[in-house]
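Novice: Before I ask anything, let me first share the structure, which is written out below as structure tokens.
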Amino acid sequence: APCSSRHISEARCETHSCLTRRFAAMSCRVIQELLDGDDRYEVASVEVLEEHLKGQLERGTYDLDANLAILKLYLLFPGETKGDVLEAILLKALMAFPAADFSLCMYQIPEKHHASVAKVVELAQQLEMAKFKNFWKLAAETKRLSEVTGWQSAVIDFAVGVVAATYRSIKVDELAEILNIFAGDVEKLIKEKGWSRSKEDKDVVVVSTETFISKKPVLVKEPTHMTLDQYRSMVTASSAA
């Protein structure tokens with residue numbers, strides 16, 4: 001029996017998806033061979049690695065080693081430096097918070113290029129200080145983020161980690177503001193993270209307290225959580241060290 005147009009369309013989509021995955025796998029092998037070989041720091045590798053970076057933006061993948069190789073090549077061949085590529089590399093590193101990828105990349109960018117990536121640096125500063133409300137506001141004004149697949153989810157995951165480390169309980173509205181989600185979406189998050197609603201106040205989310213439980217008995221009652229201000233102070237102190 002002849003296939004319907006819907007079946008043909010689905011088959012084409014599956015074929016396209018398979019081809020895309022196959023191409024991505026082939027691309028990764030080529031890039032790895034380049035990074036492991038003698039061509040890693042040849043000027044001819046710049047274009048190949050820049051194309052690989054575009055793929056990361058489109059597919060939501062991440063290759064820190066390849067991106068650092070681009071920055072190294074820019075140091076070796078300054079004339080090849082492109083401001084939009086620097087920005088893209090930092091945006092991908094931004095998604096890796098709380099890992100130190102952003103700092104690793106910034107160390108490879110000469111000061112003369114800092115002005116071209118100032119917007120991304122400002123975004124990173126807001127995340128480092130856990131100023132999520134400011135971050136989301138700046139992010140909304142950063143058009144380049146629209147080219148970066150999966151950035152919202154990555155930032156939300158980081159913010160959730162900060163909440164889990166600094167709160168015993170939190171108001172639904174405050175949590176929604178930190179994560180930049182609707183209050184109605186908080187319920188899904190509660191289930192995903194194993195959190196719960198407070199029995200005394202349904203507008204309060206009780207965060208998992210596993211990280212606060214000590215295996216050793218304590219004689220002095222310690223604070224049950226850090227505030228966001230304390231978290232920011234800790235980050236500032238570690239950065240200054």
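If you're wondering about the labels, chains in the structure tokens are A, B, ... by order shown, residues count from 1 in each chain, ligands from 1 in order shown.
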Do you know which residues are at most 12 Å from Arg40 in chain A counting only C-alpha atoms, after dropping those on the same chain fewer than 2 positions away, and could you put them as a PyMOL selection string?

Specialist: chain A and resi 30-38+42-49+65-73+76

Novice: Restricting it to C-alpha atoms, dump the selection as a tab-separated table (two decimals), in the first residue's frame.

Specialist:
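Output contents, as saved in out10.tsv:
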```tsv
chain	number	residue	atom	x	y	z
A	30	VAL	CA	37.35	15.18	13.34
A	31	ILE	CA	37.64	17.82	16.06
A	32	GLN	CA	39.14	15.37	18.54
A	33	GLU	CA	41.71	14.24	15.99
A	34	LEU	CA	42.57	17.88	15.34
A	35	LEU	CA	42.95	18.64	19.05
A	36	ASP	CA	45.10	15.55	19.61
A	37	GLY	CA	47.27	16.13	16.56
A	38	ASP	CA	49.93	18.51	15.33
A	42	GLU	CA	47.97	25.77	13.10
A	43	VAL	CA	46.20	28.81	11.71
A	44	ALA	CA	44.27	26.59	9.31
A	45	SER	CA	42.48	25.05	12.28
A	46	VAL	CA	40.80	28.32	13.25
A	47	GLU	CA	37.99	28.04	10.72
A	48	VAL	CA	37.32	24.38	11.55
A	49	LEU	CA	37.07	25.09	15.27
A	65	ASP	CA	38.76	22.01	25.11
A	66	ALA	CA	37.96	23.03	21.53
A	67	ASN	CA	36.86	26.50	22.61
A	68	LEU	CA	40.04	27.03	24.63
A	69	ALA	CA	41.99	25.95	21.54
A	70	ILE	CA	40.30	28.76	19.59
A	71	LEU	CA	41.35	31.28	22.22
A	72	LYS	CA	44.92	29.95	22.14
A	73	LEU	CA	44.98	30.27	18.36
A	76	LEU	CA	49.09	33.00	18.46
```

Novice: Set the distance at 8 Å and use only C-alpha atoms: which residues neighbour Val120 in chain A once local chain neighbours fewer than 4 positions away are removed? I'd like the list as a ChimeraX atom specification.

Specialist: /A:87,90-91,124

Novice: What would the file look like if the residues just selected were written as an mmCIF file, in the first residue's frame with N, CA and C atoms?

Specialist:
```
data_model
loop_
_atom_site.group_PDB
_atom_site.id
_atom_site.type_symbol
_atom_site.label_atom_id
_atom_site.label_comp_id
_atom_site.auth_asym_id
_atom_site.auth_seq_id
_atom_site.Cartn_x
_atom_site.Cartn_y
_atom_site.Cartn_z
ATOM 1 N N GLU A 87 32.577 36.219 22.156
ATOM 2 C CA GLU A 87 31.308 36.325 22.873
ATOM 3 C C GLU A 87 30.608 34.970 22.943
ATOM 4 N N LEU A 90 32.258 32.625 25.462
ATOM 5 C CA LEU A 90 31.941 32.995 26.848
ATOM 6 C C LEU A 90 30.491 32.654 27.198
ATOM 7 N N LEU A 91 29.593 32.780 26.235
ATOM 8 C CA LEU A 91 28.198 32.419 26.493
ATOM 9 C C LEU A 91 28.074 30.924 26.782
ATOM 10 N N ALA A 124 27.853 37.187 33.665
ATOM 11 C CA ALA A 124 28.586 36.252 34.531
ATOM 12 C C ALA A 124 28.696 36.793 35.955
#
```

Novice: Which neighbours of range 189-198 of chain A fall inside 12 Å, counting only C-alpha atoms, when residues of the same chain fewer than 5 positions from it are skipped, and could you give them as a list in words?

Specialist: Ile156, Asp157, Val160, Gly161, Val163, Ala164, Tyr167, Arg168, Ser169, Ile170, Lys171, Val172, Leu175, Ala176, Leu179, Ile181, Phe182, Ala183, Gly184, Asp203, Val204, Val205, Val206, Val207, Ser208, Thr209 and Glu210 of chain A

Novice: Where does DSSP see alpha helix (DSSP H) in range 24-148 of chain A, if you list the residues as a ChimeraX atom specification?

Specialist: /A:24-36,45-59,64-76,83-94,101-107,118-128,132-140

Novice: For each of A:Leu75, A:Lys133, A:Ala99, A:Ile89, take the minimum atom-to-atom distance to Glu111 in chain A, counting only C-alpha atoms, then give the residue where this is smallest.

Specialist: A:Leu75

Novice: Leaving out Asp101 in chain A and any residue of its chain fewer than 6 positions from it, which residues lie within 8 Å of it when counting only C-alpha atoms, given as JSON, numbers by chain?

Specialist: {"A": [64, 93, 94]}

Novice: Could those residues be written to a file, using N, CA and C atoms, as a PDB file, in the first residue's frame?

Specialist:
```pdb
ATOM      1  N   LEU A  64      34.587  22.457  25.806  1.00  0.00           N
ATOM      2  CA  LEU A  64      35.477  23.455  26.399  1.00  0.00           C
ATOM      3  C   LEU A  64      36.874  23.380  25.813  1.00  0.00           C
ATOM      4  N   ALA A  93      30.495  29.080  28.037  1.00  0.00           N
ATOM      5  CA  ALA A  93      31.128  28.889  29.344  1.00  0.00           C
ATOM      6  C   ALA A  93      30.191  29.327  30.465  1.00  0.00           C
ATOM      7  N   LEU A  94      29.411  30.358  30.194  1.00  0.00           N
ATOM      8  CA  LEU A  94      28.435  30.864  31.165  1.00  0.00           C
ATOM      9  C   LEU A  94      27.457  29.758  31.566  1.00  0.00           C
TER      10      LEU A  94
END
```

Novice: Which residue gives the smallest distance to Glu51 in chain A among A:Val85, A:Ala159, A:Gly79, A:Trp151, with only C-alpha atoms counted?

Specialist: A:Val85

Novice: Between A:Ala100, A:Ala118, A:Ile178, A:Leu86, single out the one closest to Lys137 in chain A, counting only C-alpha atoms.

Specialist: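 Nearest candidate to Lys137 in chain A out of A:Ala100, A:Ala118, A:Ile178, A:Leu86: A:Ile178.
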
Novice: Based on DSSP run over this structure's backbone, return all residues of range 34-233 of chain A in strand (DSSP E or B), as a PyMOL selection string.

Specialist: chain A and resi 169-171+196-197+204-206

Novice: Determine, counting only C-alpha atoms, which protein, DNA and RNA residues have an atom within 12 Å of an atom of Glu147 in chain A; residues of the same chain fewer than 6 positions away are not included. Present the result as a list in words.

Specialist: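 Counting only the stated atoms, we get Leu53, Lys54, Gly55, Gln56, Leu57, Glu58, Arg59, Gly60, Asp84, Glu87, Ala88, Leu91 and Lys92 of chain A.
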
Novice: Using only C-alpha atoms, can you tell me which of A:Arg144, A:Lys202, A:Pro78, A:Ser153 comes closest to Asp173 in chain A?

Specialist: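 Comparing A:Arg144, A:Lys202, A:Pro78, A:Ser153 against Asp173 in chain A, the winner is A:Lys202.
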